[in-house]
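Participant: Got a structure for you, questions after.
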Amino acid sequence: MRRAEPWRYAVLLAVAMLAACGASPKPPPEPRLRVQAQELESNGARRYAQGDYSAAARHFAEAARLRSSFDDAAAASRNRLQQAQAELALGQTQQALEHASQVTEAPLQVQALLLQVQAQLALGRADAAQGPLTRLISLCESRCAERGRVQLLRARTAWAQGQAAQAATQAEAALPLLREQSEEREVANAWRLLAAARLAQGDTSQALKAALAALDLDRQLAVPEKIARDWLLIGDIQRRVASSEARMAYQRALAVAQAAGLKDLVQLADQSIKETSR
Amino acid sequence: MSMLIEQDSEVALLHRGTRRFLLTGLLVTLLIIAAIFVRQGLLRQTAVLTFVTESAQDINKGQAVKIAGFKVGAVDTVTLRPDGQVEVELEIDADSMRFVTRDAVIELRKEGLVGSAVLEIMPGADRTRLAANGAKLAFTRADGLTAMANSLRDKILPILGDIKVITGTLADSRQGLPATLGQVREATASLNTLLKTGNQQLGDVGQAATRAVVKAEAGLVQLDKTLSTVNNRLPGLLDKAQGIVEHIEKITAEAESTVPPLLQDGRAVAGDVREILTGAKTAWPIKNLVDPPASSSLKADSDPRAEGSRAPR
C-alpha cells in the first residue's frame with residue numbers, strides 16, 4: 001500500500017478554496033435602461049445648474065419617458081417635476097403647469113403644488129393660484145422644509161392680487177425662513193418683492209434699502225435678468241422721490257440688459273429713460 | 001569842416017550796424033515762429049476719422065492714436081449725440097492714412113497691464129481699399145483687468161466647488177474615508193479569523209493523517225513480520241486492514257464536515273473585498289477618475305424671470 005503524503009491534503013484544500021471563491025455568485029448588473037435614465041437625470045441637473053434650461057428640460061423629459069417605460073412611476077414623476085421647473089425658468093409656463101399638474105404622488109405633492117402656484121402667478125392668474133396655495137399651506141404647516149418658499153408664494157399671491165401691505169408683511173416673514181435654508185435666490189426674490197410692496201405703500205426709504213439688498217445678492221449670483229430688474233426697481237423708487245439718480249439707475253438697467261441681450265428689458269429701460277427726460 | 005564830414009560817416013556806420021542787427025533779430029524771430037508751427041503740427045496735413053461708441057469711458061481729448069505702436073495722431077473731439085451715443089473724432093497724419101483700410105477697427109487698450117489708455121488703429125484684411133478722409137470706423141474695447149479678473153474667477157469657482165465636494169465626500173461617515181477604513185478593518189479581522197480557522201483545520205487534518213499513517217506503518221510492520229505465516233493469519237490481518245480503512249473513512253467524513261464552513265468563510269471574505277472595492281470607488285483619489293453623479297435636486301427659484309415683483313406701472 002502507498003503512503004499518502006501530507007502536502008497532498010494541503011494542495012487539495014487550496015484547490016477547493018480557489019474553486020469556491022471563483023464560484024461565488026456575482027451581483028446582477030444594473031439594467032441598461034435604469035442606468036440610462038439615471039445618466040439623463042444627472043445630465044439634466046448639471047445643465048440646469050449651468051443655466052441651460054432648454055437642454056435640462058429635454059433631458060428630464062427623456063428620463064421621465066424612460067422611467068415610465070419600466071414602470072418606475074415615482075422616479076418618472078420626479079423627472080416630470082424637474083422638467084416643469086426647467087420649463088418655468090424657460091418661460092414655457094403653460095407646459096410647466098401641465099407637467100406639474102400630472103404629478104399626484106403624495107411625497108411629491110408639496111413640490112408639485114409649489115410649481116403650480118408659480119406657474120399660475122407667472123400666467124397672471126392670481127385667483128387660480130389661490131387654490132393650490134391653500135392646499136400647499138395645509139400640507140406644509142409647522143415642520144415643512146419648504147415653509148420659506150410657501151411664505152414667499154403667499155406674499156407673491158397677495159402682491160398679484162393688489163394687496164401691497166399684506167405682500168410686504170408676508171415677504172418680511174419669509175426672509176428669515178429662507179435665510180435659514182440658505183436659499184440665496186429666494187432671499188433675493190423676497191427682497192425684490194418687499195421693495196416693490198414698500199414702494200407701492202409709499203415707503204421709499206425702506207423700498208430702496210430692500211431693492212439694494214436684492215441687487216447685492218443678485219450680483220453675487222450673477223443673474224443679469226434679475227440685476228436689470230433690480231435697477232429698474234431702484235429707478236422707479238428714485239423717480240418717486242424726484243431724485244436725479246433715477247436716470248442713472250435706468251441707464252444701468254439698460255446697460256445690463258443690452259449686455260445680456262434681454263430685448264424686453266432693453267425696451268423697458270429705454271422707455272423709462274425717455275419718461276425721466278420729459 | 002573836415003571834422004563835420006568825419007562825424008557824418010561815423011553816424012552812417014552806426015545806422016547800418018543797427019539795421020543789420022534788427023534784420024537779423026527779425027529773421028531769427030520768424031524762424032522760431034516757423035519752428036513752433038511745425039512742432040505743433042499746424043503746417044502738416046491731417047485727416048479725420050470718426051467712430052461711435054456707447055460710452056466715453058477712458059476716452060479723452062488729446063489721447064494718443066497709434067498704428068502698430070507709433071503715434072500718428074490724437075483724439076480731437078468727444079461729443080455726446082442726442083441719441084445718447086458718443087461720437088469721437090480723431091485727427092491723424094494724412095501720410096498715415098495709407099495704413100488705414102475701410103475695414104480697420106479702432107481698439108481702446110491699455111499700454112501694459114495698468115498703463116494709460118490709447119486708441120490703436122488695427123488695419124483690416126483688405127489692404128487694397130483704403131479709408132477716405134472723414135471715414136467712420138468700427139470701435140471695440142480690449143479686455144481690461146476687470147474682465148481678466150472675472151474670467152479668472154469663473155475658472156476658479158468650479159475648482160473650489162470640486163474641492164468642497166471632494167473634502168465633503170472624504171469626511172462623509174457613510175461613504176468617505178472613515179467608512180472605507182472601517183471596511184478595511186472588518187475585512188482584515190475576517191481574514192485573520194479565516195487564516196486561524198484554516199491553520200486549525202490543517203493541523204487537525206495533519207494529525208489525523210499522521211495517526212493513520214502510523215497505524216498503517218504498524219500494520220505493514222506486522223504484515224512484514226508475519227509474512228511467513230500469512231496464510232495462517234490472513235483473516236486476522238484482513239480484519240486489521242479493514243479497521244484501518246474504516247478509520248480513514250472516518251477522517252474523510254470529518255473533513256467533509258469541517259471544509260464547507262471553511263469555504264463559507266472564504267466566500268464571506270470575497271464579499272468583504274467586493275465591499276472594499278465599492279467603497280474605494282466612491283473615495284478619493286479613485287473617485288476623481290470617474291465623473292461624480294450630479295445631484296438630482298435642483299436649486300429652487302420661485303421667480304426665475306424676476307417678473308413676480310414687477311412694480312405696477
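Going by the C-alpha cells order, chains are called A, B, ..., each with residues numbered from 1, while ligands are numbered from 1 in the order shown.
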Please list as a PyMOL selection string every residue within 6 Å of Ile92 (chain B), counting only C-alpha atoms and excluding residues in the same chain fewer than 5 positions away.

Facilitator: chain B and resi 46-47+72-73

Participant: Filtering to C-alpha atoms, could you give me those residues as a short mmCIF file (atom, residue, chain, number, x, y, z; two decimals), in the first residue's frame?

Facilitator:
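part-v1.cif, written as the output of this step:
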data_model
loop_
_atom_site.label_atom_id
_atom_site.label_comp_id
_atom_site.auth_asym_id
_atom_site.auth_seq_id
_atom_site.Cartn_x
_atom_site.Cartn_y
_atom_site.Cartn_z
CA THR B 46 -4.07 115.85 -41.31
CA ALA B 47 -7.04 113.62 -41.92
CA VAL B 72 0.06 109.03 -35.66
CA GLY B 73 -2.48 111.42 -34.18
#

Participant: Go through region 88-167 of chain B and collect every residue that DSSP, computed from the backbone, puts in helix (DSSP H, G or I); the answer should be as a list in words.

Facilitator: Ala94, Asp95, Ser96, Met97, Arg98, Phe99, Leu145, Thr146, Ala147, Met148, Ala149, Asn150, Ser151, Leu152, Arg153, Asp154, Lys155, Ile156, Leu157, Pro158, Ile159, Leu160, Gly161, Asp162, Ile163, Lys164, Val165, Ile166 and Thr167 of chain B

Participant: Can you pull out the residues contacting region 227-233 of chain A? Cut-off 7 Å, using only C-alpha atoms, and skip same-chain residues under 2 positions away; I want them as a count of residues only.

Facilitator: 19

Participant: With a cut-off of 7 Å and counting only C-alpha atoms, select all residues of chain A in contact with chain B and give the selection as a list in words.

Facilitator: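 The contacting residues on chain A are Pro6, Met17, Ala20, Cys21, Ser24, Glu41, Ser42, Ala45, Arg46, Ala89, Gln118, Arg156, Arg185, Glu186, Asn189, Arg192, Leu193, Ala196, Glu225, Lys226 and Arg229 of chain A.
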
Participant: Write a file of the selected residues as a JSON list (two decimals), in the first residue's frame, keeping N, CA and C atoms.

Facilitator:
[["chain", "number", "residue", "atom", "x", "y", "z"],
["A", 6, "PRO", "N", 1.42, 14.24, 3.35],
["A", 6, "PRO", "CA", 0.58, 15.31, 3.95],
["A", 6, "PRO", "C", 0.39, 16.50, 3.02],
["A", 17, "MET", "N", -10.57, 25.71, -2.08],
["A", 17, "MET", "CA", -10.85, 27.11, -1.70],
["A", 17, "MET", "C", -10.93, 28.01, -2.92],
["A", 20, "ALA", "N", -14.08, 27.55, -4.73],
["A", 20, "ALA", "CA", -15.20, 28.16, -4.02],
["A", 20, "ALA", "C", -15.26, 29.66, -4.25],
["A", 21, "CYS", "N", -14.05, 30.30, -4.21],
["A", 21, "CYS", "CA", -14.01, 31.76, -4.45],
["A", 21, "CYS", "C", -14.48, 32.07, -5.86],
["A", 24, "SER", "N", -18.24, 32.09, -6.43],
["A", 24, "SER", "CA", -19.15, 32.95, -5.66],
["A", 24, "SER", "C", -20.03, 33.75, -6.62],
["A", 41, "GLU", "N", -30.97, 62.03, -15.97],
["A", 41, "GLU", "CA", -31.37, 62.90, -14.86],
["A", 41, "GLU", "C", -30.17, 63.71, -14.36],
["A", 42, "SER", "N", -29.02, 63.02, -14.26],
["A", 42, "SER", "CA", -27.81, 63.71, -13.80],
["A", 42, "SER", "C", -27.41, 64.81, -14.77],
["A", 45, "ALA", "N", -29.76, 67.76, -14.44],
["A", 45, "ALA", "CA", -29.48, 68.57, -13.25],
["A", 45, "ALA", "C", -28.24, 69.44, -13.47],
["A", 46, "ARG", "N", -27.23, 68.86, -14.17],
["A", 46, "ARG", "CA", -25.99, 69.62, -14.43],
["A", 46, "ARG", "C", -26.30, 70.80, -15.37],
["A", 89, "ALA", "N", -38.44, 78.10, -15.83],
["A", 89, "ALA", "CA", -37.29, 79.01, -15.99],
["A", 89, "ALA", "C", -37.15, 79.48, -17.43],
["A", 118, "GLN", "N", -46.49, 78.79, -8.75],
["A", 118, "GLN", "CA", -45.56, 79.65, -9.50],
["A", 118, "GLN", "C", -46.04, 79.85, -10.94],
["A", 156, "ARG", "N", -46.25, 86.66, -2.85],
["A", 156, "ARG", "CA", -46.38, 86.97, -4.28],
["A", 156, "ARG", "C", -47.84, 86.97, -4.71],
["A", 185, "ARG", "N", -31.18, 82.70, -3.86],
["A", 185, "ARG", "CA", -32.02, 83.20, -4.95],
["A", 185, "ARG", "C", -33.39, 83.62, -4.41],
["A", 186, "GLU", "N", -33.93, 82.78, -3.52],
["A", 186, "GLU", "CA", -35.25, 83.08, -2.97],
["A", 186, "GLU", "C", -35.18, 84.29, -2.03],
["A", 189, "ASN", "N", -35.32, 87.17, -4.19],
["A", 189, "ASN", "CA", -36.69, 87.35, -4.69],
["A", 189, "ASN", "C", -37.55, 88.03, -3.63],
["A", 192, "ARG", "N", -36.71, 91.69, -3.36],
["A", 192, "ARG", "CA", -37.22, 92.44, -4.51],
["A", 192, "ARG", "C", -38.72, 92.70, -4.36],
["A", 193, "LEU", "N", -39.42, 91.64, -3.92],
["A", 193, "LEU", "CA", -40.87, 91.78, -3.73],
["A", 193, "LEU", "C", -41.17, 92.78, -2.62],
["A", 196, "ALA", "N", -40.78, 96.27, -3.91],
["A", 196, "ALA", "CA", -41.92, 96.70, -4.74],
["A", 196, "ALA", "C", -43.13, 97.04, -3.87],
["A", 225, "GLU", "N", -30.74, 89.11, -15.74],
["A", 225, "GLU", "CA", -32.15, 89.49, -15.84],
["A", 225, "GLU", "C", -32.63, 90.12, -14.53],
["A", 226, "LYS", "N", -32.22, 89.50, -13.42],
["A", 226, "LYS", "CA", -32.68, 90.00, -12.13],
["A", 226, "LYS", "C", -31.96, 91.31, -11.77],
["A", 229, "ARG", "N", -33.70, 93.98, -13.55],
["A", 229, "ARG", "CA", -34.99, 94.26, -12.87],
["A", 229, "ARG", "C", -34.76, 95.08, -11.60]]

Participant: At what distance in Å, to one decimal, does CA of Val88 (chain B) lie from CA of Ser116 (chain B)?

Facilitator: 18.0 Å

Participant: Using CA of Ala64 (chain A) and CA of Gln83 (chain A) as the two end points, give the distance in Å to one decimal.

Facilitator: 8.7 Å

Participant: Between A:Glu146, A:Trp159, A:Asp264, A:Tyr9, single out the one closest to Asp204 (chain B), counting only C-alpha atoms.

Facilitator: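 The closest residue to Asp204 (chain B) is A:Tyr9.
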
Participant: Output as a VMD selection string all residues of region 23-129 of chain B that backbone DSSP marks as strand (DSSP E or B).

Facilitator: chain B and resid 46 to 53 64 to 67 70 to 80 86 to 93 101 105 to 110 117 to 122

Participant: Generate a file of the selected residues that holds C-alpha atoms, formatted as a PDB file, in the first residue's frame.

Facilitator:
ATOM      1  CA  THR B  46      -4.073 115.854 -41.314  1.00  0.00           C
ATOM      2  CA  ALA B  47      -7.045 113.618 -41.921  1.00  0.00           C
ATOM      3  CA  VAL B  48     -10.110 112.988 -39.766  1.00  0.00           C
ATOM      4  CA  LEU B  49     -11.543 109.626 -38.725  1.00  0.00           C
ATOM      5  CA  THR B  50     -14.617 109.089 -36.545  1.00  0.00           C
ATOM      6  CA  PHE B  51     -16.217 106.307 -34.572  1.00  0.00           C
ATOM      7  CA  VAL B  52     -19.280 105.946 -32.375  1.00  0.00           C
ATOM      8  CA  THR B  53     -19.415 104.178 -29.018  1.00  0.00           C
ATOM      9  CA  ALA B  64      -2.839 109.301 -28.394  1.00  0.00           C
ATOM     10  CA  VAL B  65      -3.857 107.428 -31.532  1.00  0.00           C
ATOM     11  CA  LYS B  66      -1.399 104.790 -32.686  1.00  0.00           C
ATOM     12  CA  ILE B  67      -0.788 102.470 -35.578  1.00  0.00           C
ATOM     13  CA  PHE B  70       3.629 104.537 -33.491  1.00  0.00           C
ATOM     14  CA  LYS B  71       1.785 107.683 -32.556  1.00  0.00           C
ATOM     15  CA  VAL B  72       0.061 109.027 -35.657  1.00  0.00           C
ATOM     16  CA  GLY B  73      -2.481 111.420 -34.178  1.00  0.00           C
ATOM     17  CA  ALA B  74      -4.753 112.268 -31.292  1.00  0.00           C
ATOM     18  CA  VAL B  75      -8.396 112.444 -30.222  1.00  0.00           C
ATOM     19  CA  ASP B  76      -9.771 115.765 -31.443  1.00  0.00           C
ATOM     20  CA  THR B  77     -13.317 115.870 -30.090  1.00  0.00           C
ATOM     21  CA  VAL B  78     -15.580 113.695 -27.914  1.00  0.00           C
ATOM     22  CA  THR B  79     -19.248 114.629 -28.181  1.00  0.00           C
ATOM     23  CA  LEU B  80     -22.471 113.190 -26.771  1.00  0.00           C
ATOM     24  CA  VAL B  86     -20.808 109.144 -28.027  1.00  0.00           C
ATOM     25  CA  GLU B  87     -19.113 110.346 -31.220  1.00  0.00           C
ATOM     26  CA  VAL B  88     -15.331 110.558 -31.210  1.00  0.00           C
ATOM     27  CA  GLU B  89     -13.307 112.378 -33.874  1.00  0.00           C
ATOM     28  CA  LEU B  90      -9.640 111.543 -34.423  1.00  0.00           C
ATOM     29  CA  GLU B  91      -7.096 113.698 -36.210  1.00  0.00           C
ATOM     30  CA  ILE B  92      -4.223 111.737 -37.691  1.00  0.00           C
ATOM     31  CA  ASP B  93      -1.376 112.458 -40.112  1.00  0.00           C
ATOM     32  CA  THR B 101      -8.240 100.411 -44.534  1.00  0.00           C
ATOM     33  CA  VAL B 105     -11.036  98.666 -36.310  1.00  0.00           C
ATOM     34  CA  ILE B 106     -10.150 101.190 -33.611  1.00  0.00           C
ATOM     35  CA  GLU B 107      -9.409  99.426 -30.335  1.00  0.00           C
ATOM     36  CA  LEU B 108      -9.186 101.085 -26.917  1.00  0.00           C
ATOM     37  CA  ARG B 109      -6.446  99.312 -24.990  1.00  0.00           C
ATOM     38  CA  LYS B 110      -4.128  99.833 -22.069  1.00  0.00           C
ATOM     39  CA  ALA B 117      -5.391 104.067 -22.375  1.00  0.00           C
ATOM     40  CA  VAL B 118      -4.587 104.585 -26.079  1.00  0.00           C
ATOM     41  CA  LEU B 119      -6.529 104.145 -29.276  1.00  0.00           C
ATOM     42  CA  GLU B 120      -4.904 101.717 -31.665  1.00  0.00           C
ATOM     43  CA  ILE B 121      -5.986 101.586 -35.303  1.00  0.00           C
ATOM     44  CA  MET B 122      -5.836  97.981 -36.465  1.00  0.00           C
TER      45      MET B 122
END

Participant: Could you check how far CA of Gln251 (chain A) sits from CA of Ser277 (chain A), in Å to one decimal?

Facilitator: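 So the two atoms, CA of Gln251 (chain A) and CA of Ser277 (chain A), lie 12.0 Å apart.
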
Participant: So that I can check the surroundings of Leu121 (chain A), please list as a PyMOL selection string every protein, DNA and RNA residue that reaches within 10 Å of it, counting only C-alpha atoms and ignoring chain neighbours fewer than 2 positions away.

Facilitator: (chain A and resi 93+115-119+123-130+153+156-157+160) or (chain B and resi 303+307-308)

Participant: Using N, CA and C atoms, can you write the selected residues to a file as a PDB file, in the first residue's frame?

Facilitator:
ATOM      1  N   THR A  93     -44.557  78.588 -19.495  1.00  0.00           N
ATOM      2  CA  THR A  93     -45.326  78.463 -18.257  1.00  0.00           C
ATOM      3  C   THR A  93     -46.474  77.470 -18.372  1.00  0.00           C
ATOM      4  N   LEU A 115     -44.820  74.384  -7.736  1.00  0.00           N
ATOM      5  CA  LEU A 115     -44.632  74.722  -9.151  1.00  0.00           C
ATOM      6  C   LEU A 115     -45.940  75.202  -9.776  1.00  0.00           C
ATOM      7  N   GLN A 116     -47.068  74.582  -9.353  1.00  0.00           N
ATOM      8  CA  GLN A 116     -48.373  75.003  -9.902  1.00  0.00           C
ATOM      9  C   GLN A 116     -48.670  76.467  -9.537  1.00  0.00           C
ATOM     10  N   VAL A 117     -48.401  76.808  -8.266  1.00  0.00           N
ATOM     11  CA  VAL A 117     -48.663  78.195  -7.831  1.00  0.00           C
ATOM     12  C   VAL A 117     -47.770  79.155  -8.617  1.00  0.00           C
ATOM     13  N   GLN A 118     -46.485  78.786  -8.749  1.00  0.00           N
ATOM     14  CA  GLN A 118     -45.557  79.649  -9.503  1.00  0.00           C
ATOM     15  C   GLN A 118     -46.039  79.846 -10.940  1.00  0.00           C
ATOM     16  N   ALA A 119     -46.488  78.740 -11.552  1.00  0.00           N
ATOM     17  CA  ALA A 119     -46.927  78.819 -12.952  1.00  0.00           C
ATOM     18  C   ALA A 119     -48.158  79.697 -13.077  1.00  0.00           C
ATOM     19  N   LEU A 123     -48.529  83.168 -15.130  1.00  0.00           N
ATOM     20  CA  LEU A 123     -49.553  83.376 -16.159  1.00  0.00           C
ATOM     21  C   LEU A 123     -50.476  84.546 -15.820  1.00  0.00           C
ATOM     22  N   GLY A 124     -50.260  85.138 -14.641  1.00  0.00           N
ATOM     23  CA  GLY A 124     -51.072  86.298 -14.242  1.00  0.00           C
ATOM     24  C   GLY A 124     -52.422  85.905 -13.689  1.00  0.00           C
ATOM     25  N   ARG A 125     -52.535  84.631 -13.241  1.00  0.00           N
ATOM     26  CA  ARG A 125     -53.828  84.175 -12.707  1.00  0.00           C
ATOM     27  C   ARG A 125     -53.721  84.046 -11.188  1.00  0.00           C
ATOM     28  N   ALA A 126     -53.808  85.168 -10.500  1.00  0.00           N
ATOM     29  CA  ALA A 126     -53.651  85.164  -9.043  1.00  0.00           C
ATOM     30  C   ALA A 126     -54.780  84.393  -8.379  1.00  0.00           C
ATOM     31  N   ASP A 127     -55.999  84.509  -8.935  1.00  0.00           N
ATOM     32  CA  ASP A 127     -57.134  83.806  -8.310  1.00  0.00           C
ATOM     33  C   ASP A 127     -56.989  82.297  -8.470  1.00  0.00           C
ATOM     34  N   ALA A 128     -56.499  81.881  -9.651  1.00  0.00           N
ATOM     35  CA  ALA A 128     -56.303  80.444  -9.876  1.00  0.00           C
ATOM     36  C   ALA A 128     -55.186  79.893  -8.991  1.00  0.00           C
ATOM     37  N   ALA A 129     -54.227  80.758  -8.643  1.00  0.00           N
ATOM     38  CA  ALA A 129     -53.111  80.311  -7.792  1.00  0.00           C
ATOM     39  C   ALA A 129     -53.577  80.082  -6.360  1.00  0.00           C
ATOM     40  N   GLN A 130     -54.685  80.714  -5.984  1.00  0.00           N
ATOM     41  CA  GLN A 130     -55.131  80.641  -4.587  1.00  0.00           C
ATOM     42  C   GLN A 130     -55.479  79.205  -4.179  1.00  0.00           C
ATOM     43  N   LEU A 153     -44.452  82.557  -1.649  1.00  0.00           N
ATOM     44  CA  LEU A 153     -45.523  82.458  -2.646  1.00  0.00           C
ATOM     45  C   LEU A 153     -46.814  83.105  -2.129  1.00  0.00           C
ATOM     46  N   ARG A 156     -46.248  86.662  -2.847  1.00  0.00           N
ATOM     47  CA  ARG A 156     -46.383  86.971  -4.285  1.00  0.00           C
ATOM     48  C   ARG A 156     -47.842  86.966  -4.715  1.00  0.00           C
ATOM     49  N   THR A 157     -48.611  86.010  -4.146  1.00  0.00           N
ATOM     50  CA  THR A 157     -50.037  85.945  -4.495  1.00  0.00           C
ATOM     51  C   THR A 157     -50.748  87.211  -4.002  1.00  0.00           C
ATOM     52  N   ALA A 160     -49.865  89.979  -6.275  1.00  0.00           N
ATOM     53  CA  ALA A 160     -50.558  89.868  -7.567  1.00  0.00           C
ATOM     54  C   ALA A 160     -52.025  90.260  -7.436  1.00  0.00           C
TER      55      ALA A 160
ATOM     56  N   ASP B 303     -39.021  82.502  -8.717  1.00  0.00           N
ATOM     57  CA  ASP B 303     -39.257  83.618  -9.642  1.00  0.00           C
ATOM     58  C   ASP B 303     -38.063  83.742 -10.587  1.00  0.00           C
ATOM     59  N   GLU B 307     -40.167  88.374 -12.608  1.00  0.00           N
ATOM     60  CA  GLU B 307     -41.331  89.133 -13.056  1.00  0.00           C
ATOM     61  C   GLU B 307     -42.367  89.283 -11.953  1.00  0.00           C
ATOM     62  N   GLY B 308     -42.244  88.446 -10.923  1.00  0.00           N
ATOM     63  CA  GLY B 308     -43.251  88.421  -9.867  1.00  0.00           C
ATOM     64  C   GLY B 308     -43.329  89.704  -9.078  1.00  0.00           C
TER      65      GLY B 308
END

Participant: Quick one: everything within 9 Å of region 201-206 of chain A, counting only C-alpha atoms, minus sequence neighbours fewer than 4 positions away in the same chain. Send it as a compact mmCIF listing (two decimals) with N, CA and C atoms, in the first residue's frame.

Facilitator:
# COMPACT_ATOMS: atom_id res chain seq x y z
N ALA A 164 -50.73 95.24 -1.29
CA ALA A 164 -49.32 95.57 -1.08
C ALA A 164 -48.91 95.38 0.38
N ALA A 165 -49.77 95.81 1.30
CA ALA A 165 -49.41 95.73 2.73
C ALA A 165 -49.22 94.27 3.14
N LEU A 194 -40.37 92.70 -1.55
CA LEU A 194 -40.57 93.62 -0.42
C LEU A 194 -40.35 95.07 -0.89
N ALA A 195 -39.34 95.28 -1.72
CA ALA A 195 -39.06 96.62 -2.23
C ALA A 195 -40.24 97.14 -3.04
N ALA A 196 -40.78 96.27 -3.91
CA ALA A 196 -41.92 96.70 -4.74
C ALA A 196 -43.13 97.04 -3.87
N ALA A 197 -43.35 96.18 -2.84
CA ALA A 197 -44.52 96.41 -1.98
C ALA A 197 -44.35 97.70 -1.17
N ALA A 210 -34.46 97.68 0.56
CA ALA A 210 -34.76 96.29 0.15
C ALA A 210 -34.27 96.03 -1.27
N ALA A 211 -34.46 97.01 -2.16
CA ALA A 211 -34.03 96.83 -3.55
C ALA A 211 -32.51 96.70 -3.63
N ILE A 237 -38.05 103.76 -7.71
CA ILE A 237 -38.05 104.33 -6.35
C ILE A 237 -37.45 105.74 -6.37
N GLN A 238 -36.32 105.90 -7.09
CA GLN A 238 -35.66 107.21 -7.16
C GLN A 238 -36.56 108.24 -7.82
N ARG A 240 -39.75 108.27 -7.74
CA ARG A 240 -40.83 108.65 -6.83
C ARG A 240 -40.39 109.78 -5.90
N VAL A 241 -39.11 109.74 -5.50
CA VAL A 241 -38.63 110.82 -4.61
C VAL A 241 -38.01 111.97 -5.42
